[in-house]
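Taking it in order: structure first as structure tokens, then the write-up.
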Number of protein chains: 2
Amino acid sequence: MVQETGKTEEKLTRQRDAVLRVIRSREDHPTANEIFQAARDHLPTISHATVYNSLRFLKEAGLVHEIKFGDGASRYDRETDRHDHAICNDCGKLVDFDLPQAADLMQAAARKSKFQPASVHLTLRGKCPDCRKA
Amino acid sequence: MVQETGKTEEKLTRQRDAVLRVIRSREDHPTANEIFQAARDHLPTISHATVYNSLRFLKEAGLVHEIKFGDGASRYDRETDRHDHAICNDCGKLVDFDLPQAADLMQAAARKSKFQPASVHLTLRGKCPDCRKA
DNA sequence: CATCATATTAGAATTAGTCTAAATCTATTT
DNA sequence: AAATAGATTTAGACTAATTCTAATATGATG
């Protein structure tokens, strides 16, 4: 049977599937630790290390997207298409959006930096709608 | 005497000045630990915690810029004007450049995300000139 | 020069993530 | 079904970056 992971030799084990389901079930962007807690509800013996291993596996298979902002832990996103992020300076909320114009700047960025481009990502910092009210 | 820090109540102590000098003396983007090592050459008793405290102080005073990509430690940059970064996927090299067009996207990003915008930052990932050759 | 706030120090604590070695699964072969 | 080989999982030790804590030092002010 053909896998849908793109890495046909390796398997979507019970543990990896549990991790994937957690991420797919959520609108937000959980950390590895939040995923670990949630996965335990379904698979009480799953370990810390396995969650990290599974996240690496799923990321390499292109099934989830990792977001790192250095403010604490990496976050994981079920949205794997190219997109951008907004982060609230007050509460830390993280929101996805896509700005196609950002993608268009890749060549210009490559020219300025002399890098061979692979991807571009735009980050907006500001105040989220909730914190704006308060 | 008026301070040039913008935080007129607080002082540029010997330790903070040493940290600032290290950052200003370098073309690259040292980590807190690299700054700690270098600062010790001038001020042998300076502590780890003081370097972190000084970095926070200098950042808040607008004298240095912190760069966080989640891959390991924060890096510090003497360039405090808005600018963008390119990171090498192979060797991790970090390069500054400015893409004024990125700044122009702030309003569009704000519209899409519904955030009140404060700043935008573009990150290019790819291969640096050195790794391209190899 | 006594006081009081602020800064510094050394080291402990915390957090995120990786590593290790033993145990367990899963296929596949007999 | 038993044996095997390879991949995966587990628990816990470990590491690196950063923050916290409590005691000490510094330095401006009355």
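By order of appearance in the structure tokens: chains A, B, ..., then residues from 1 within every chain, and ligands from 1 in the order shown.
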Select residues of chain C: the criterion is any atom within 10 Å of an atom of chain A, counting only C-alpha atoms (C1' of nucleotides); output as a CSV table (one decimal) with N, CA and C atoms (P, O5', C5', C4', C3', O3' and C1' of nucleotides), in the first residue's frame.
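Below is the file that was written, result.csv:
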```csv
chain,number,residue,atom,x,y,z
C,15,DT,P,10.0,25.9,34.2
C,15,DT,O5',10.4,25.9,32.7
C,15,DT,C5',11.2,27.0,32.1
C,15,DT,C4',11.6,26.7,30.8
C,15,DT,C3',10.8,25.6,30.1
C,15,DT,O3',10.4,26.1,28.8
C,15,DT,C1',13.1,25.0,30.0
C,16,DA,P,9.5,25.2,27.8
C,16,DA,O5',10.6,24.7,26.7
C,16,DA,C5',11.3,25.7,26.0
C,16,DA,C4',12.2,25.0,25.1
C,16,DA,C3',11.6,23.9,24.3
C,16,DA,O3',12.0,24.1,22.9
C,16,DA,C1',13.5,23.1,25.5
C,17,DG,P,11.5,23.1,21.8
C,17,DG,O5',12.7,22.1,21.8
C,17,DG,C5',14.0,22.5,21.5
C,17,DG,C4',15.0,21.4,21.8
C,17,DG,C3',14.7,20.2,21.0
C,17,DG,O3',15.8,20.0,20.0
C,17,DG,C1',15.4,19.7,23.2
C,18,DT,P,15.9,18.7,19.1
C,18,DT,O5',17.0,17.9,19.8
C,18,DT,C5',18.3,18.5,20.1
C,18,DT,C4',19.2,17.5,20.8
C,18,DT,C3',19.3,16.2,20.0
C,18,DT,O3',20.7,16.0,20.0
C,18,DT,C1',18.7,15.8,22.2
C,19,DC,P,21.4,14.7,19.2
C,19,DC,O5',21.7,13.7,20.4
C,19,DC,C5',22.4,14.2,21.5
C,19,DC,C4',22.6,13.0,22.5
C,19,DC,C3',22.9,11.6,21.8
C,19,DC,O3',24.0,11.1,22.5
C,19,DC,C1',21.0,11.5,23.3
```
Any chance you could tabulate, as JSON lines, the residues of chain A at most 6 Å from chain B with each one's nearest atom pair and distance in Å to one decimal, using only C-alpha atoms, in chain and rising number order?
```
{"residue": "A:Lys68", "atom": "CA", "partner": "B:Gly70", "partner_atom": "CA", "distance": 5.1}
{"residue": "A:Phe69", "atom": "CA", "partner": "B:Phe69", "partner_atom": "CA", "distance": 5.3}
{"residue": "A:Gly70", "atom": "CA", "partner": "B:Gly70", "partner_atom": "CA", "distance": 3.7}
{"residue": "A:Phe115", "atom": "CA", "partner": "B:Cys128", "partner_atom": "CA", "distance": 4.6}
{"residue": "A:Gln116", "atom": "CA", "partner": "B:Lys127", "partner_atom": "CA", "distance": 4.9}
{"residue": "A:Pro117", "atom": "CA", "partner": "B:Gly126", "partner_atom": "CA", "distance": 4.4}
{"residue": "A:Ala118", "atom": "CA", "partner": "B:Gly126", "partner_atom": "CA", "distance": 4.5}
{"residue": "A:Ser119", "atom": "CA", "partner": "B:Arg125", "partner_atom": "CA", "distance": 5.3}
{"residue": "A:Val120", "atom": "CA", "partner": "B:Leu124", "partner_atom": "CA", "distance": 4.5}
{"residue": "A:His121", "atom": "CA", "partner": "B:Thr123", "partner_atom": "CA", "distance": 5.2}
{"residue": "A:Leu122", "atom": "CA", "partner": "B:Leu122", "partner_atom": "CA", "distance": 4.5}
{"residue": "A:Thr123", "atom": "CA", "partner": "B:His121", "partner_atom": "CA", "distance": 5.2}
{"residue": "A:Leu124", "atom": "CA", "partner": "B:Val120", "partner_atom": "CA", "distance": 4.5}
{"residue": "A:Arg125", "atom": "CA", "partner": "B:Ser119", "partner_atom": "CA", "distance": 5.2}
{"residue": "A:Gly126", "atom": "CA", "partner": "B:Pro117", "partner_atom": "CA", "distance": 4.4}
{"residue": "A:Lys127", "atom": "CA", "partner": "B:Gln116", "partner_atom": "CA", "distance": 4.9}
{"residue": "A:Cys128", "atom": "CA", "partner": "B:Phe115", "partner_atom": "CA", "distance": 4.6}
{"residue": "A:Pro129", "atom": "CA", "partner": "B:Phe115", "partner_atom": "CA", "distance": 5.9}
```
With a distance cut-off of 8 Å and only C-alpha atoms (C1' of nucleotides), select the neighbouring residues of stretch 21-28 of chain B, excluding the residue or stretch itself and same-chain residues fewer than 6 positions from it, and output the selection as a PyMOL selection string. chain B and resi 35+38-39+64+76-78
If the cut-off is 10 Å, can you tell me the residues of chain A near chain D, counting only C-alpha atoms (C1' of nucleotides)? I'd like them as a PDB file with N, CA and C atoms, in the first residue's frame.
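Resulting contents of result.pdb:
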```
ATOM      1  N   GLU A  10       9.261   4.694   5.232  1.00  0.00           N
ATOM      2  CA  GLU A  10       9.018   4.786   6.670  1.00  0.00           C
ATOM      3  C   GLU A  10       7.537   4.894   6.950  1.00  0.00           C
ATOM      4  N   LYS A  11       7.197   4.617   8.187  1.00  0.00           N
ATOM      5  CA  LYS A  11       5.779   4.389   8.481  1.00  0.00           C
ATOM      6  C   LYS A  11       5.161   5.431   9.388  1.00  0.00           C
ATOM      7  N   THR A  13       3.482   5.425  12.232  1.00  0.00           N
ATOM      8  CA  THR A  13       3.167   4.547  13.369  1.00  0.00           C
ATOM      9  C   THR A  13       2.023   5.131  14.188  1.00  0.00           C
ATOM     10  N   GLN A  15       2.132   6.200  17.208  1.00  0.00           N
ATOM     11  CA  GLN A  15       2.589   7.401  17.901  1.00  0.00           C
ATOM     12  C   GLN A  15       2.635   8.611  16.965  1.00  0.00           C
ATOM     13  N   THR A  45       1.200   6.000  27.128  1.00  0.00           N
ATOM     14  CA  THR A  45       2.609   5.689  27.373  1.00  0.00           C
ATOM     15  C   THR A  45       3.563   6.443  26.450  1.00  0.00           C
ATOM     16  N   ILE A  46       3.034   7.274  25.575  1.00  0.00           N
ATOM     17  CA  ILE A  46       3.925   7.952  24.628  1.00  0.00           C
ATOM     18  C   ILE A  46       4.915   8.825  25.397  1.00  0.00           C
ATOM     19  N   SER A  47       6.142   8.812  24.933  1.00  0.00           N
ATOM     20  CA  SER A  47       7.180   9.545  25.657  1.00  0.00           C
ATOM     21  C   SER A  47       7.509  10.857  24.966  1.00  0.00           C
ATOM     22  N   HIS A  48       8.108  11.684  25.786  1.00  0.00           N
ATOM     23  CA  HIS A  48       8.678  12.946  25.404  1.00  0.00           C
ATOM     24  C   HIS A  48       9.506  12.843  24.115  1.00  0.00           C
ATOM     25  N   ALA A  49      10.463  11.932  24.144  1.00  0.00           N
ATOM     26  CA  ALA A  49      11.394  11.790  23.019  1.00  0.00           C
ATOM     27  C   ALA A  49      10.640  11.388  21.763  1.00  0.00           C
ATOM     28  N   THR A  50       9.647  10.542  21.913  1.00  0.00           N
ATOM     29  CA  THR A  50       8.899  10.096  20.740  1.00  0.00           C
ATOM     30  C   THR A  50       8.129  11.244  20.114  1.00  0.00           C
ATOM     31  N   ASN A  53      10.704  13.032  18.160  1.00  0.00           N
ATOM     32  CA  ASN A  53      11.055  12.245  16.975  1.00  0.00           C
ATOM     33  C   ASN A  53       9.934  12.284  15.945  1.00  0.00           C
TER      34      ASN A  53
END
```
Would you mind aligning chain A to chain B, a least-squares fit over all C-alpha atoms taken in order, and returning the superposed chain as a compact mmCIF listing (two decimals) with C-alpha atoms, in the first residue's frame?
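result-v2.txt, written as the output of this step:
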```
# COMPACT_ATOMS: atom_id res chain seq x y z
CA MET A 1 25.27 65.25 31.79
CA VAL A 2 22.80 63.96 29.25
CA GLN A 3 22.87 60.26 28.43
CA GLU A 4 22.73 59.06 24.88
CA THR A 5 20.68 56.01 25.83
CA GLY A 6 17.23 57.49 25.81
CA LYS A 7 16.71 56.10 29.31
CA THR A 8 18.10 59.10 31.11
CA GLU A 9 17.58 57.75 34.63
CA GLU A 10 19.69 54.66 34.12
CA LYS A 11 23.36 54.39 33.50
CA LEU A 12 25.77 52.92 31.06
CA THR A 13 27.84 51.13 33.68
CA ARG A 14 31.27 49.64 33.05
CA GLN A 15 29.71 46.23 32.46
CA ARG A 16 27.05 47.51 30.08
CA ASP A 17 29.63 49.50 28.22
CA ALA A 18 31.85 46.43 27.88
CA VAL A 19 28.95 44.45 26.42
CA LEU A 20 28.10 47.28 24.04
CA ARG A 21 31.72 47.57 22.90
CA VAL A 22 31.89 43.86 22.15
CA ILE A 23 28.82 44.07 19.94
CA ARG A 24 29.98 47.25 18.22
CA SER A 25 33.40 45.77 17.56
CA ARG A 26 32.04 42.86 15.60
CA GLU A 27 30.83 42.46 12.07
CA ASP A 28 28.99 39.25 12.91
CA HIS A 29 26.12 38.49 15.26
CA PRO A 30 27.44 37.05 18.49
CA THR A 31 25.38 35.05 20.97
CA ALA A 32 25.09 36.05 24.62
CA ASN A 33 27.68 33.44 25.46
CA GLU A 34 30.16 34.69 22.87
CA ILE A 35 29.66 38.20 24.22
CA PHE A 36 30.24 36.89 27.74
CA GLN A 37 33.56 35.31 26.69
CA ALA A 38 34.73 38.45 24.91
CA ALA A 39 33.64 40.81 27.66
CA ARG A 40 35.66 38.79 30.16
CA ASP A 41 38.84 39.80 28.34
CA HIS A 42 38.22 43.36 29.46
CA LEU A 43 36.31 42.77 32.67
CA PRO A 44 37.36 39.39 34.06
CA THR A 45 34.77 39.31 36.84
CA ILE A 46 31.71 40.05 34.72
CA SER A 47 29.06 37.42 35.24
CA HIS A 48 26.73 35.51 33.05
CA ALA A 49 23.66 37.17 34.53
CA THR A 50 25.10 40.63 34.05
CA VAL A 51 25.63 39.99 30.38
CA TYR A 52 21.99 39.02 30.04
CA ASN A 53 20.88 41.99 32.11
CA SER A 54 23.07 44.32 30.08
CA LEU A 55 21.75 42.95 26.83
CA ARG A 56 18.20 43.58 27.99
CA PHE A 57 19.14 47.09 29.06
CA LEU A 58 20.90 47.91 25.78
CA LYS A 59 18.04 46.49 23.79
CA GLU A 60 15.48 48.58 25.66
CA ALA A 61 17.67 51.63 25.22
CA GLY A 62 17.70 50.94 21.48
CA LEU A 63 21.46 50.55 21.33
CA VAL A 64 21.51 46.97 20.09
CA HIS A 65 19.13 44.72 18.23
CA GLU A 66 18.23 41.17 19.20
CA ILE A 67 17.73 38.51 16.56
CA LYS A 68 15.92 35.30 17.45
CA PHE A 69 15.49 32.49 15.02
CA GLY A 70 14.90 29.70 17.47
CA ASP A 71 17.88 27.83 16.05
CA GLY A 72 19.87 27.93 19.24
CA ALA A 73 20.65 31.16 21.01
CA SER A 74 19.58 34.74 20.37
CA ARG A 75 22.07 36.78 18.45
CA TYR A 76 22.86 40.44 18.88
CA ASP A 77 23.35 43.02 16.19
CA ARG A 78 24.88 46.49 16.35
CA GLU A 79 22.61 47.54 13.49
CA THR A 80 19.45 48.94 15.07
CA ASP A 81 17.65 50.29 12.01
CA ARG A 82 14.95 48.12 10.47
CA HIS A 83 16.48 45.45 8.28
CA ASP A 84 16.04 41.90 7.08
CA HIS A 85 18.05 38.71 7.41
CA ALA A 86 19.27 35.86 5.29
CA ILE A 87 20.20 32.56 6.94
CA CYS A 88 22.20 29.82 5.28
CA ASN A 89 20.48 26.46 5.45
CA ASP A 90 23.86 24.71 5.26
CA CYS A 91 26.20 26.56 7.61
CA GLY A 92 23.84 28.81 9.56
CA LYS A 93 25.54 32.04 8.51
CA LEU A 94 23.41 35.10 9.22
CA VAL A 95 23.59 38.15 6.96
CA ASP A 96 21.91 41.56 7.25
CA PHE A 97 20.36 43.37 4.35
CA ASP A 98 17.63 45.90 3.88
CA LEU A 99 14.74 45.39 1.52
CA PRO A 100 12.68 48.57 1.67
CA GLN A 101 9.89 46.80 -0.21
CA ALA A 102 9.45 44.54 2.80
CA ALA A 103 8.63 47.53 4.97
CA ASP A 104 6.01 48.56 2.43
CA LEU A 105 4.14 45.32 3.03
CA MET A 106 3.37 46.12 6.64
CA GLN A 107 -0.05 47.58 5.89
CA ALA A 108 -1.01 44.67 3.66
CA ALA A 109 0.12 42.22 6.33
CA ALA A 110 -1.85 44.12 8.96
CA ARG A 111 -4.95 43.98 6.80
CA LYS A 112 -4.69 40.23 6.28
CA SER A 113 -3.92 39.39 9.89
CA LYS A 114 -6.14 42.05 11.49
CA PHE A 115 -3.23 43.02 13.74
CA GLN A 116 -2.31 46.56 14.61
CA PRO A 117 1.14 46.61 13.03
CA ALA A 118 4.34 47.47 14.87
CA SER A 119 7.11 46.04 12.66
CA VAL A 120 7.75 43.66 9.80
CA HIS A 121 10.71 41.48 9.16
CA LEU A 122 11.57 39.36 6.18
CA THR A 123 13.70 36.23 6.40
CA LEU A 124 15.35 34.63 3.42
CA ARG A 125 16.56 31.06 3.73
CA GLY A 126 18.93 29.62 1.19
CA LYS A 127 22.58 29.01 0.49
CA CYS A 128 25.25 31.58 1.32
CA PRO A 129 27.91 32.44 -1.27
CA ASP A 130 30.52 30.25 0.46
CA CYS A 131 28.31 27.18 0.64
CA ARG A 132 27.26 27.70 -2.96
CA LYS A 133 30.82 27.14 -4.10
CA ALA A 134 31.34 24.02 -1.98
```
Expected answer as a PyMOL selection string: strand (DSSP E or B) residues in stretch 1-128 of chain A: chain A and resi 31+65-67+75-77+84-88+94-97+116-127
